[in-house]
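Asks: Supplied structure: coords_13.cif, mmCIF, C-alpha atoms.
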data_coords
#
loop_
_atom_site.label_atom_id
_atom_site.label_comp_id
_atom_site.auth_asym_id
_atom_site.auth_seq_id
_atom_site.Cartn_x
_atom_site.Cartn_y
_atom_site.Cartn_z
CA MET T 226 11.20 13.18 24.46
CA SER T 227 13.81 12.36 21.82
CA GLN T 228 13.58 13.65 18.32
CA HIS T 229 11.47 11.61 15.92
CA LEU T 230 12.33 11.57 12.24
CA CYS T 231 10.72 9.50 9.54
CA GLU T 232 10.52 8.95 5.83
CA ILE T 233 8.18 6.76 3.79
CA GLY T 234 8.67 5.12 0.44
CA TYR T 235 12.34 4.71 1.25
CA LEU T 236 12.62 1.47 -0.73
CA SER T 237 11.46 1.59 -4.33
CA ARG T 238 10.66 -2.08 -4.83
CA SER T 239 8.68 -3.02 -1.73
CA ASP T 240 4.94 -2.37 -1.47
CA GLY T 241 5.46 -0.10 1.50
CA SER T 242 8.52 1.03 3.39
CA SER T 243 9.60 3.50 6.01
CA LEU T 244 12.64 4.70 7.85
CA TYR T 245 11.95 5.69 11.44
CA CYS T 246 14.31 7.20 13.92
CA ILE T 247 13.90 7.93 17.62
CA GLY T 248 16.97 9.58 19.09
CA GLY T 249 19.87 7.37 18.08
CA THR T 250 17.85 4.32 17.07
CA VAL T 251 17.06 3.95 13.38
CA VAL T 252 14.92 1.18 11.88
CA LEU T 253 14.09 0.53 8.27
CA ALA T 254 10.79 -1.28 7.74
CA SER T 255 9.51 -2.90 4.59
CA VAL T 256 6.05 -4.35 4.01
CA ASN T 257 5.13 -6.71 1.22
CA GLY T 258 1.68 -8.05 0.72
CA PRO T 259 -0.97 -9.25 0.71
CA GLY T 260 0.93 -11.72 -1.46
CA ASP T 261 1.33 -15.39 -2.16
CA VAL T 262 2.27 -17.77 0.63
CA LYS T 263 3.40 -21.35 0.76
CA ALA T 264 0.73 -23.93 1.59
CA SER T 265 1.91 -24.65 5.15
CA ASN T 266 1.39 -21.03 6.22
CA ARG T 267 -1.85 -20.57 4.35
CA HIS T 268 -4.96 -19.97 6.44
CA TYR T 269 -8.38 -20.42 4.88
CA ASN T 270 -9.88 -17.43 6.68
CA ARG T 271 -7.14 -14.93 7.36
CA THR T 272 -3.85 -13.41 6.36
CA GLN T 273 -0.61 -14.86 7.64
CA LEU T 274 1.57 -12.17 9.17
CA ASP T 275 5.32 -12.72 9.08
CA VAL T 276 7.62 -10.40 10.97
CA CYS T 277 11.36 -10.59 10.50
CA TYR T 278 13.67 -8.44 12.59
CA SER T 279 17.42 -8.13 12.06
CA PRO T 280 19.65 -6.28 14.52
CA SER T 281 22.22 -3.71 13.37
CA THR T 282 25.12 -5.86 14.54
CA GLY T 283 25.47 -9.59 14.99
CA GLN T 284 23.13 -12.37 14.12
CA SER T 285 19.44 -12.66 14.88
CA MET T 286 19.24 -14.68 18.12
CA ILE T 287 16.64 -15.64 20.69
CA GLY T 288 16.28 -12.05 21.94
CA GLU T 289 15.41 -10.89 18.45
CA ARG T 290 12.90 -13.72 18.08
CA ALA T 291 11.21 -12.55 21.29
CA LEU T 292 11.08 -9.03 19.88
CA GLU T 293 9.61 -10.35 16.63
CA SER T 294 6.84 -12.10 18.51
CA VAL T 295 5.93 -8.94 20.46
CA ILE T 296 5.88 -6.90 17.23
CA SER T 297 3.90 -9.55 15.37
CA LYS T 298 1.27 -9.87 18.15
CA THR T 299 0.89 -6.08 18.16
CA ILE T 300 0.54 -5.69 14.41
CA GLU T 301 -1.91 -8.57 14.25
CA GLN T 302 -4.28 -6.65 16.51
CA ALA T 303 -4.26 -3.62 14.25
CA ILE T 304 -4.54 -5.05 10.74
CA ILE T 305 -7.81 -6.53 9.51
CA VAL T 306 -6.66 -10.08 8.86
CA HIS T 307 -9.81 -11.64 7.41
CA LEU T 308 -10.02 -9.41 4.31
CA HIS T 309 -7.43 -11.31 2.32
CA PRO T 310 -7.56 -15.03 3.15
CA ARG T 311 -4.81 -17.36 1.85
CA THR T 312 -2.29 -14.55 1.64
CA ALA T 313 0.67 -13.36 3.65
CA ILE T 314 1.88 -9.94 4.70
CA ASN T 315 5.61 -9.77 5.27
CA VAL T 316 7.02 -7.14 7.56
CA THR T 317 10.79 -6.91 7.47
CA LEU T 318 12.57 -4.72 9.99
CA GLN T 319 16.22 -3.86 9.77
CA GLU T 320 17.79 -1.96 12.61
CA MET T 321 20.21 0.50 11.02
CA GLN T 322 21.54 2.14 14.14
CA SER T 323 21.11 0.99 17.73
CA ASP T 324 20.54 3.06 20.84
CA GLY T 325 18.33 0.96 23.09
CA LEU T 326 14.90 1.74 21.59
CA ALA T 327 14.74 -1.11 19.09
CA LEU T 328 11.22 -2.24 20.06
CA SER T 329 9.40 1.08 19.97
CA THR T 330 11.21 2.29 16.86
CA SER T 331 10.49 -0.99 15.07
CA ILE T 332 6.79 -0.85 15.88
CA ASN T 333 6.48 2.78 14.75
CA ALA T 334 8.43 2.00 11.58
CA ALA T 335 6.20 -1.01 10.92
CA CYS T 336 3.05 1.09 11.34
CA LEU T 337 4.29 3.71 8.92
CA ALA T 338 5.34 1.05 6.40
CA LEU T 339 1.89 -0.57 6.66
CA LEU T 340 0.30 2.83 6.05
CA ASP T 341 2.56 3.33 3.04
CA ALA T 342 1.57 -0.07 1.67
CA GLY T 343 -2.13 0.70 2.15
CA VAL T 344 -2.80 -2.43 4.20
CA GLN T 345 -6.27 -2.22 5.70
CA MET T 346 -6.10 -1.62 9.44
CA LYS T 347 -8.53 -1.00 12.29
CA SER T 348 -6.37 1.83 13.53
CA THR T 349 -2.83 3.08 13.58
CA PHE T 350 -0.58 2.17 16.48
CA SER T 351 2.34 3.86 18.13
CA ALA T 352 4.91 2.68 20.65
CA VAL T 353 6.66 4.59 23.42
CA THR T 354 9.42 3.36 25.71
CA CYS T 355 10.26 4.77 29.12
CA CYS T 356 12.62 3.72 31.88
CA ILE T 357 12.83 4.24 35.63
CA ALA T 358 16.14 5.82 36.58
CA SER T 359 17.85 4.81 39.81
CA SER T 360 16.63 8.12 41.29
CA GLY T 361 13.05 7.00 40.62
CA ALA T 362 12.47 9.53 37.83
CA ILE T 363 10.72 8.36 34.67
CA ILE T 364 12.76 8.98 31.53
CA LEU T 365 10.78 8.96 28.28
CA GLU T 366 12.62 7.49 25.30
CA PRO T 367 15.94 6.95 27.07
CA THR T 368 19.31 6.27 25.49
CA GLU T 369 21.08 2.92 25.79
CA ALA T 370 23.28 4.30 28.59
CA GLU T 371 20.23 5.48 30.54
CA ILE T 372 18.60 2.07 30.12
CA LYS T 373 21.70 0.36 31.53
CA GLU T 374 21.51 2.52 34.66
CA SER T 375 17.76 2.07 35.09
CA SER T 376 15.86 -0.38 37.28
CA ALA T 377 13.12 -1.11 34.74
CA VAL T 378 12.18 -0.45 31.10
CA VAL T 379 8.58 -0.43 29.89
CA THR T 380 7.31 -0.17 26.33
CA PHE T 381 3.66 0.53 25.59
CA VAL T 382 1.90 0.29 22.27
CA PHE T 383 -1.30 2.31 21.90
CA ASP T 384 -3.94 2.33 19.19
CA GLY T 385 -4.63 5.57 17.38
CA LEU T 386 -8.31 5.83 18.38
CA GLU T 387 -8.74 6.02 22.15
CA TYR T 388 -5.09 5.37 22.95
CA ASN T 389 -5.88 2.06 24.56
CA VAL T 390 -2.99 -0.27 25.25
CA LEU T 391 -2.41 -2.84 22.51
CA SER T 392 0.63 -4.32 24.18
CA ALA T 393 2.96 -3.62 27.06
CA TYR T 394 6.45 -5.02 27.36
CA GLN T 395 8.40 -4.73 30.56
CA ASP T 396 11.95 -5.53 31.60
CA GLY T 397 12.89 -5.22 35.28
CA SER T 398 10.63 -4.72 38.26
CA LEU T 399 8.46 -1.77 39.22
CA ASP T 400 5.39 -1.26 41.38
CA SER T 401 1.91 -0.72 40.01
CA ASP T 402 1.78 3.01 40.83
CA THR T 403 4.94 3.68 38.83
CA PHE T 404 3.63 1.47 36.05
CA ASN T 405 0.45 3.55 35.83
CA LEU T 406 2.46 6.76 35.90
CA CYS T 407 4.58 5.46 33.02
CA LEU T 408 1.42 4.51 31.17
CA ILE T 409 -0.01 8.04 31.40
CA LYS T 410 3.27 9.64 30.36
CA CYS T 411 3.67 7.29 27.39
CA GLN T 412 0.05 7.79 26.38
CA LEU T 413 0.67 11.52 26.01
CA ALA T 414 3.79 10.88 23.93
CA ALA T 415 1.86 8.43 21.72
CA LYS T 416 -0.46 11.24 20.64
CA ASP T 417 2.51 13.14 19.26
CA ILE T 418 3.62 10.07 17.32
CA THR T 419 0.19 9.68 15.75
CA ALA T 420 0.43 13.33 14.72
CA ILE T 421 3.78 12.56 13.04
CA PHE T 422 2.12 9.67 11.16
CA ARG T 423 -0.67 11.94 10.00
CA LYS T 424 1.71 14.61 8.83
CA THR T 425 3.80 12.06 6.92
CA ILE T 426 0.76 10.62 5.16
CA GLU T 427 -0.57 14.09 4.34
CA ASP T 428 2.80 14.85 2.83
CA LYS T 429 2.63 11.69 0.71
CA HIS T 430 -0.74 12.80 -0.69
CA LYS T 431 0.28 16.40 -1.28
CA PHE T 432 -0.26 16.13 -5.04
CA ASP T 433 -3.85 14.91 -4.66
CA LYS T 434 -6.44 17.48 -5.57
CA SER T 435 -8.05 18.95 -2.50
CA MET I 28 -24.91 19.00 -6.56
CA ASP I 29 -23.89 17.33 -9.80
CA SER I 30 -23.75 13.59 -9.27
CA ASP I 31 -20.74 13.17 -11.58
CA ILE I 32 -18.49 15.45 -9.61
CA THR I 33 -16.22 13.79 -7.09
CA GLU I 34 -15.01 16.07 -4.36
CA SER I 35 -11.96 15.44 -2.24
CA LEU I 36 -12.64 16.00 1.43
CA TYR I 37 -9.52 15.44 3.56
CA ILE I 38 -6.77 12.95 4.37
CA VAL I 39 -7.78 10.07 6.63
CA LEU I 40 -5.74 7.51 8.54
CA PRO I 41 -6.98 4.03 9.46
CA GLY I 42 -9.40 4.28 12.38
CA ASP I 43 -10.47 7.87 11.67
CA GLN I 44 -14.18 8.43 12.04
CA VAL I 45 -15.61 9.61 8.74
CA LEU I 46 -19.25 9.97 9.73
CA ARG I 47 -21.91 8.52 11.99
CA PHE I 48 -24.58 6.58 10.21
CA ASN I 49 -27.51 4.81 11.77
CA PRO I 50 -29.69 3.17 9.09
CA GLU I 51 -32.71 3.26 11.42
CA GLU I 52 -32.53 7.02 11.94
CA ASN I 53 -31.03 8.26 8.68
CA ARG I 54 -33.55 7.94 5.87
CA ASP I 55 -31.21 8.85 3.03
CA ARG I 56 -28.82 6.12 2.02
CA ILE I 57 -25.05 6.35 1.72
CA PHE I 58 -22.68 4.10 -0.18
CA ILE I 59 -19.41 2.96 1.30
CA GLY I 60 -16.60 2.40 -1.17
CA PRO I 61 -13.09 0.97 -0.77
CA GLY I 62 -11.12 1.85 2.33
CA LEU I 63 -14.13 2.39 4.58
CA ARG I 64 -15.94 0.18 7.08
CA TRP I 65 -19.23 0.60 8.85
CA GLN I 66 -19.32 -0.75 12.39
CA ASP I 67 -21.42 0.19 15.44
CA ASN I 68 -23.18 2.94 13.44
CA VAL I 69 -19.86 4.64 12.70
CA VAL I 70 -18.08 4.73 9.35
CA ARG I 71 -14.33 4.50 9.82
CA ALA I 72 -11.44 4.53 7.39
CA THR I 73 -9.28 1.41 7.07
CA LYS I 74 -6.73 2.79 4.63
CA PRO I 75 -4.75 6.00 4.64
CA GLY I 76 -5.54 8.38 1.82
CA MET I 77 -7.76 11.12 0.47
CA LEU I 78 -11.39 10.75 1.48
CA LYS I 79 -13.58 11.43 -1.52
CA LYS I 80 -17.29 11.77 -2.02
CA ASN I 81 -19.40 11.96 -5.14
CA GLY I 82 -22.81 13.47 -5.62
CA LYS I 83 -24.60 10.14 -5.09
CA ASN I 84 -23.41 9.96 -1.48
CA LEU I 85 -20.67 7.49 -2.33
CA TYR I 86 -17.74 7.77 0.02
CA PHE I 87 -14.37 6.15 -0.62
CA VAL I 88 -10.68 6.49 0.20
CA ASP I 89 -8.25 7.03 -2.65
CA THR I 90 -5.00 5.50 -1.46
CA HIS I 91 -1.53 5.33 -2.90
CA GLN I 92 -0.72 1.66 -3.23
CA LYS I 93 1.64 -0.52 -5.20
CA ARG I 94 0.15 -3.95 -4.54
CA TYR I 95 -2.83 -4.85 -6.69
CA ILE I 96 -5.91 -6.42 -5.16
CA PRO I 97 -8.14 -7.85 -7.93
CA GLN I 98 -11.58 -6.28 -8.28
CA LYS I 99 -14.38 -7.50 -10.50
CA ARG I 100 -14.78 -5.80 -13.91
CA GLU I 101 -11.38 -4.11 -13.79
CA PHE I 102 -9.16 -4.13 -16.87
CA VAL I 103 -5.71 -5.58 -16.22
CA ILE I 104 -2.54 -6.52 -18.06
CA GLY I 105 -1.42 -10.07 -17.29
CA ILE I 106 1.60 -12.20 -18.08
CA VAL I 107 0.95 -15.72 -19.36
CA LEU I 108 2.77 -18.21 -17.14
CA LYS I 109 1.68 -21.63 -18.36
CA LYS I 110 -1.08 -23.67 -19.83
CA LYS I 111 -3.17 -25.74 -17.46
CA GLY I 112 -5.73 -27.96 -19.20
CA ASP I 113 -8.28 -25.74 -20.92
CA ASN I 114 -6.97 -22.65 -19.11
CA TYR I 115 -3.97 -20.41 -19.11
CA VAL I 116 -2.44 -19.32 -15.80
CA ILE I 117 -1.90 -15.56 -15.78
CA ASP I 118 0.04 -13.36 -13.39
CA ILE I 119 -1.95 -10.18 -12.83
CA GLY I 120 0.09 -8.92 -9.88
CA GLY I 121 -2.38 -10.01 -7.20
CA SER I 122 -1.77 -12.50 -4.41
CA GLU I 123 -2.99 -15.36 -6.57
CA TYR I 124 -2.63 -16.18 -10.23
CA ALA I 125 -5.64 -15.65 -12.46
CA THR I 126 -6.90 -18.08 -15.10
CA ILE I 127 -8.34 -17.53 -18.52
CA SER I 128 -10.11 -20.10 -20.63
CA TYR I 129 -8.86 -20.45 -24.19
CA LEU I 130 -12.47 -19.99 -25.29
CA SER I 131 -12.88 -16.54 -23.81
CA PHE I 132 -11.30 -14.75 -26.74
CA GLU I 133 -13.05 -13.22 -29.71
CA ASN I 134 -13.88 -15.76 -32.45
CA ALA I 135 -12.31 -18.60 -30.46
CA SER I 136 -13.76 -22.05 -30.77
CA LYS I 137 -12.62 -25.52 -29.77
CA LYS I 138 -11.11 -25.93 -33.23
CA THR I 139 -9.53 -22.48 -33.58
CA ARG I 140 -8.17 -22.16 -30.13
CA LYS I 141 -6.10 -19.27 -28.90
CA GLU I 142 -2.47 -20.24 -28.64
CA MET I 143 -0.27 -18.32 -26.24
CA LYS I 144 3.17 -19.07 -24.91
CA PRO I 145 4.64 -18.24 -21.50
CA GLY I 146 5.74 -14.61 -21.32
CA ASP I 147 3.02 -13.28 -23.62
CA LEU I 148 1.09 -10.29 -22.37
CA ILE I 149 -2.66 -10.13 -22.39
CA TYR I 150 -5.10 -7.33 -21.72
CA GLY I 151 -8.30 -8.61 -20.21
CA GLN I 152 -11.13 -7.93 -17.83
CA LEU I 153 -11.72 -9.64 -14.50
CA LEU I 154 -14.85 -11.73 -14.62
CA VAL I 155 -14.40 -13.21 -11.15
CA ALA I 156 -12.52 -11.41 -8.40
CA ASN I 157 -13.43 -12.52 -4.96
CA LYS I 158 -11.35 -12.97 -1.84
CA ASP I 159 -12.33 -16.62 -1.61
CA MET I 160 -11.94 -17.53 -5.26
CA GLU I 161 -9.26 -17.64 -7.91
CA PRO I 162 -9.55 -14.61 -10.20
CA GLU I 163 -10.75 -15.29 -13.73
CA LEU I 164 -10.04 -13.16 -16.77
CA VAL I 165 -11.91 -12.82 -20.05
CA CYS I 166 -10.94 -11.08 -23.27
CA ILE I 167 -14.48 -10.59 -24.55
CA ASP I 168 -17.44 -8.53 -23.38
CA VAL I 169 -21.02 -9.79 -22.95
CA TYR I 170 -21.59 -9.56 -26.72
CA ASN I 171 -18.53 -11.76 -27.44
CA ARG I 172 -16.58 -8.83 -28.88
CA ALA I 173 -12.94 -8.17 -28.09
CA VAL I 174 -13.38 -4.35 -27.67
CA GLY I 175 -9.63 -3.86 -27.56
CA MET I 176 -8.86 -6.80 -25.29
CA GLY I 177 -6.69 -9.76 -26.21
CA THR I 178 -3.00 -10.53 -26.48
CA LEU I 179 -0.66 -7.57 -26.79
CA PRO I 180 1.80 -7.56 -29.72
CA GLY I 181 5.39 -8.49 -28.98
CA ASP I 182 6.97 -5.21 -30.09
CA GLY I 183 5.87 -3.14 -27.12
CA ILE I 184 7.25 -2.71 -23.65
CA MET I 185 5.60 -3.18 -20.27
CA PHE I 186 6.43 -1.39 -17.04
CA THR I 187 4.73 -0.86 -13.72
CA ILE I 188 3.47 2.32 -12.08
CA PRO I 189 1.73 2.84 -8.71
CA LEU I 190 -1.97 2.00 -8.81
CA HIS I 191 -3.22 5.52 -8.16
CA ILE I 192 -1.25 6.79 -11.18
CA ALA I 193 -2.86 4.07 -13.33
CA ARG I 194 -6.33 5.05 -12.11
CA MET I 195 -5.52 8.71 -12.70
CA VAL I 196 -4.34 8.43 -16.32
CA VAL I 197 -7.28 6.33 -17.50
CA ASP I 198 -9.69 9.07 -16.40
CA PRO I 199 -11.19 10.38 -19.70
CA GLN I 200 -10.91 13.92 -18.35
CA ASN I 201 -7.19 13.50 -17.77
CA PRO I 202 -5.15 15.39 -20.40
CA PHE I 203 -1.88 13.53 -19.75
CA LEU I 204 -2.03 10.78 -22.41
CA LEU I 205 -3.56 13.14 -24.99
CA MET I 206 -0.84 15.72 -24.38
CA MET I 207 1.82 13.06 -25.02
CA GLY I 208 -0.06 12.06 -28.18
CA LYS I 209 0.46 15.60 -29.49
CA GLN I 210 4.22 15.15 -29.18
CA ILE I 211 4.77 11.64 -30.56
CA ASN I 212 2.82 8.76 -32.01
CA TYR I 213 2.40 5.93 -29.57
CA THR I 214 0.02 3.23 -28.43
CA VAL I 215 -0.70 2.80 -24.76
CA VAL I 216 -2.61 0.21 -22.72
CA VAL I 217 -3.06 0.88 -19.01
CA GLY I 218 -4.16 -1.90 -16.68
CA PHE I 219 -5.72 -1.18 -13.30
CA ASN I 220 -3.08 -3.45 -11.80
CA GLY I 221 -0.49 -0.74 -12.40
CA ARG I 222 0.96 -2.25 -15.53
CA VAL I 223 1.37 -0.10 -18.59
CA TRP I 224 2.16 -1.38 -22.04
CA ILE I 225 3.42 1.06 -24.66
CA LYS I 226 4.45 0.87 -28.26
CA ALA I 227 6.36 3.62 -30.02
CA ARG I 228 8.56 3.94 -33.09
CA THR I 229 11.94 3.81 -31.40
CA GLN I 230 13.40 2.51 -28.18
CA ARG I 231 14.23 6.09 -27.25
CA GLU I 232 10.64 7.17 -27.51
CA LYS I 233 9.56 4.28 -25.32
CA VAL I 234 12.04 5.31 -22.66
CA ALA I 235 10.82 8.90 -22.90
CA ILE I 236 7.23 7.79 -22.34
CA MET I 237 8.27 5.66 -19.37
CA ASN I 238 10.03 8.66 -17.87
CA ALA I 239 7.01 10.84 -18.52
CA PHE I 240 4.93 8.41 -16.45
CA THR I 241 7.36 8.64 -13.54
CA MET I 242 6.91 12.42 -13.63
CA LEU I 243 3.36 11.87 -12.40
CA GLU I 244 4.70 10.31 -9.20
CA LEU I 245 6.88 13.30 -8.43
CA MET I 246 4.79 16.34 -9.27
CA PRO I 247 1.19 17.50 -9.46
CA LEU I 248 -0.73 16.52 -12.59
CA GLU I 249 -0.95 20.06 -14.01
CA GLU I 250 2.79 20.54 -13.71
CA ALA I 251 3.47 17.18 -15.38
CA VAL I 252 1.11 17.97 -18.25
CA ASP I 253 2.65 21.43 -18.69
CA SER I 254 6.18 20.04 -18.82
CA ILE I 255 5.42 17.37 -21.44
CA PRO I 256 6.12 19.60 -24.50
CA MET I 257 9.43 20.73 -23.00
CA PHE I 258 10.27 17.18 -21.95
CA PHE I 259 9.76 15.73 -25.42
CA SER I 260 11.34 18.66 -27.28
CA GLY I 261 14.52 18.26 -25.27
CA PHE I 262 14.38 14.60 -26.07
CA SER I 263 14.14 15.05 -29.86
CA VAL I 264 17.24 17.27 -29.79
CA HIS I 265 19.20 14.31 -28.50
CA LEU I 266 17.74 12.23 -31.25
CA ARG I 267 19.11 14.56 -33.91
CA GLU I 268 22.53 14.61 -32.31
CA ASP I 269 22.65 10.85 -32.65
CA MET I 270 21.91 11.11 -36.34
#
Once more with this new file: its structure as structure tokens, please.
Replies:
Amino acid sequence: MSQHLCEIGYLSRSDGSSLYCIGGTVVLASVNGPGDVKASNRHYNRTQLDVCYSPSTGQSMIGERALESVISKTIEQAIIVHLHPRTAINVTLQEMQSDGLALSTSINAACLALLDAGVQMKSTFSAVTCCIASSGAIILEPTEAEIKESSAVVTFVFDGLEYNVLSAYQDGSLDSDTFNLCLIKCQLAAKDITAIFRKTIEDKHKFDKS
Amino acid sequence: MDSDITESLYIVLPGDQVLRFNPEENRDRIFIGPGLRWQDNVVRATKPGMLKKNGKNLYFVDTHQKRYIPQKREFVIGIVLKKKGDNYVIDIGGSEYATISYLSFENASKKTRKEMKPGDLIYGQLLVANKDMEPELVCIDVYNRAVGMGTLPGDGIMFTIPLHIARMVVDPQNPFLLMMGKQINYTVVVGFNGRVWIKARTQREKVAIMNAFTMLELMPLEEAVDSIPMFFSGFSVHLREDM
């Protein structure tokens, strides 16, 4: 597993922010909300969730929009959307450094930023990517070069309670046995990520009287 | 246990199980405060923060947050945006603007109405704060007295602090504001929406107070309170140099 590093409260002016790094991929996430929203995006019974992802190089294209929709569908499952009707929560993700793990790093950064902002959620969520090397071995959190050589890449997002799958995103083909093997491996790694989240939040509250 | 004492238990993350509670089995009642939800006989946290409990079996999560979510009866500092019919539209930092009727000020009548212009600051209390309704402010209590509420004079300065710092300094047991009062003369108004309005003799003193508030974000309360005398003494040296 690659090294995970994170920092919260990285931006002073947003309601919640985080910098998350897995190996060579670094994503900066910022959360604003629940705030005002224009009438067309206003729902009478729930919060509108807007996710905006920008890559480290080049313009945001169709691939980034696909990524945004995966991230947005995942976050929507975790946050409690009906508590603040007629509002919007904006999640802005900026990839700072790219090394193939944009999706999982973005999701982890988003979760940490949401925790920093104090948005009410059902549970935390954590994402892990793995790829199947040409030899058939499963590589957890590969580098961009390893992904290029691989036959398939799978990203799982788990909740922080029972580690059930919130979303799974796959590129390439693999059989069901390998898929399940990947799932179990990623599930184990997700527990470590939740532990990182907990440590970060405990650190944020270190001045609270205990 | 003393019912006034609030004890901090531990840090929770959203989804953490706080306790099991089945109202059919448990005879004694518990109260669930902000940041907690009861579902399927389990109380779970929904916000990250310090889980706290007071003697009356009230559980809540104290989170560090910057965005204000209006709550009924809370005192807030608002910025007047415009006049809309018989109401003023006020920005209180929530997702929606609040309104205040020109009659909900002390000694206001239809003839002697309260005049405010955009940009004025007011200190009021939330009469209505509901997720489905527009928040409404008042500047009088149930006996029609102002009790310190109303428009804030123009010679002060307003700045924002995180909400947990605002909640912390308004605690009557908190020595922070009193300790600063021993150093310099100042007037302070703290809103639960994280806005603080201060008035002091000079611009320099205002800046010093603002900096003293940021100390609370970076160090434990005791340390901040202890360093206030040093902080302000160093500051008055500069003042003399200027003269």
Asks: Can you pull out every residue within 10 Å of Lys111 in chain I, counting all atoms listed in the file, but drop anything in the same chain fewer than 2 positions away, and send it as a PDB file with C-alpha atoms, keeping the file's coordinate frame?
Replies:
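File written: out-v3.pdb
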ATOM      1  CA  LEU I 108       2.770 -18.210 -17.140  1.00  0.00           C
ATOM      2  CA  LYS I 109       1.680 -21.630 -18.360  1.00  0.00           C
ATOM      3  CA  ASP I 113      -8.280 -25.740 -20.920  1.00  0.00           C
ATOM      4  CA  ASN I 114      -6.970 -22.650 -19.110  1.00  0.00           C
ATOM      5  CA  TYR I 115      -3.970 -20.410 -19.110  1.00  0.00           C
ATOM      6  CA  VAL I 116      -2.440 -19.320 -15.800  1.00  0.00           C
ATOM      7  CA  THR I 126      -6.900 -18.080 -15.100  1.00  0.00           C
ATOM      8  CA  ILE I 127      -8.340 -17.530 -18.520  1.00  0.00           C
ATOM      9  CA  SER I 128     -10.110 -20.100 -20.630  1.00  0.00           C
TER      10      SER I 128
END
Asks: Between I:Leu148, I:Val155, I:Val174, I:Ile38, which one has atoms that come closest to chain T, using all atoms listed in the file?
Replies: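 Going through I:Leu148, I:Val155, I:Val174, I:Ile38 one by one, the smallest distance to chain T is for I:Ile38.
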Asks: Could you state the separation of CA of Asn157 in chain I and CA of Arg271 in chain T in Å, given to one decimal place?
Replies: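 Separation of CA of Asn157 in chain I and CA of Arg271 in chain T: 14.0 Å.
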Asks: Just checking: using all atoms listed in the file, which residue out of I:Lys226, I:Lys233, I:Lys79, I:Lys144 ends up closest to Lys110 in chain I?
Replies: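 Counting all atoms listed in the file, the residue closest to Lys110 in chain I is I:Lys144.
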Asks: Chain T residues within 6 Å of chain I, counting all atoms listed in the file: which ones, as a PyMOL selection string?
Replies: chain T and resi 240+260-261+309+342-343+345-349+432+435
Asks: Expand the PyMOL selection byres ((chain T and resi 297) around 9) into the explicit residue set it covers here, and present it as a list in words.
Replies: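 Applying the expression gives Leu274, Asp275, Val276, Cys277, Leu292, Glu293, Ser294, Val295, Ile296, Lys298, Thr299, Ile300, Glu301, Gln302 and Val316 of chain T.
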Asks: Go through the shown structure with the PyMOL selection byres ((chain I and resi 213) around 12) and write out the matching residues as a list in words.
Replies: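 That selection, the PyMOL selection byres ((chain I and resi 213) around 12), comes back as Gly183, Ile184, Leu204, Leu205, Met206, Met207, Gly208, Lys209, Gln210, Ile211, Asn212, Thr214, Val215, Val216, Trp224, Ile225, Lys226, Ala227, Arg228, Thr229, Gln230, Glu232, Lys233, Val234, Ala235, Ile236 and Met237 of chain I.
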Asks: For the residues in the current selection, export C-alpha atoms as a tab-separated table (two decimals), in the coordinates of the input.
Replies:
chain	number	residue	atom	x	y	z
I	183	GLY	CA	5.87	-3.14	-27.12
I	184	ILE	CA	7.25	-2.71	-23.65
I	204	LEU	CA	-2.03	10.78	-22.41
I	205	LEU	CA	-3.56	13.14	-24.99
I	206	MET	CA	-0.84	15.72	-24.38
I	207	MET	CA	1.82	13.06	-25.02
I	208	GLY	CA	-0.06	12.06	-28.18
I	209	LYS	CA	0.46	15.60	-29.49
I	210	GLN	CA	4.22	15.15	-29.18
I	211	ILE	CA	4.77	11.64	-30.56
I	212	ASN	CA	2.82	8.76	-32.01
I	214	THR	CA	0.02	3.23	-28.43
I	215	VAL	CA	-0.70	2.80	-24.76
I	216	VAL	CA	-2.61	0.21	-22.72
I	224	TRP	CA	2.16	-1.38	-22.04
I	225	ILE	CA	3.42	1.06	-24.66
I	226	LYS	CA	4.45	0.87	-28.26
I	227	ALA	CA	6.36	3.62	-30.02
I	228	ARG	CA	8.56	3.94	-33.09
I	229	THR	CA	11.94	3.81	-31.40
I	230	GLN	CA	13.40	2.51	-28.18
I	232	GLU	CA	10.64	7.17	-27.51
I	233	LYS	CA	9.56	4.28	-25.32
I	234	VAL	CA	12.04	5.31	-22.66
I	235	ALA	CA	10.82	8.90	-22.90
I	236	ILE	CA	7.23	7.79	-22.34
I	237	MET	CA	8.27	5.66	-19.37
Asks: Please fill the gaps in range 251-256 of chain I so it has N, CA and C atoms, and write that as a short mmCIF file (atom, residue, chain, number, x, y, z; two decimals), in the coordinates of the input.
Replies:
data_model
loop_
_atom_site.label_atom_id
_atom_site.label_comp_id
_atom_site.auth_asym_id
_atom_site.auth_seq_id
_atom_site.Cartn_x
_atom_site.Cartn_y
_atom_site.Cartn_z
N ALA I 251 2.98 18.24 -14.50
CA ALA I 251 3.47 17.18 -15.38
C ALA I 251 2.98 17.40 -16.80
N VAL I 252 1.69 17.75 -16.92
CA VAL I 252 1.11 17.97 -18.25
C VAL I 252 1.78 19.17 -18.92
N ASP I 253 2.02 20.23 -18.13
CA ASP I 253 2.65 21.43 -18.69
C ASP I 253 4.08 21.16 -19.16
N SER I 254 4.76 20.25 -18.46
CA SER I 254 6.18 20.04 -18.82
C SER I 254 6.36 19.00 -19.92
N ILE I 255 5.28 18.38 -20.38
CA ILE I 255 5.42 17.37 -21.44
C ILE I 255 6.04 17.95 -22.73
N PRO I 256 5.53 19.11 -23.26
CA PRO I 256 6.12 19.60 -24.50
C PRO I 256 7.62 19.85 -24.38
#
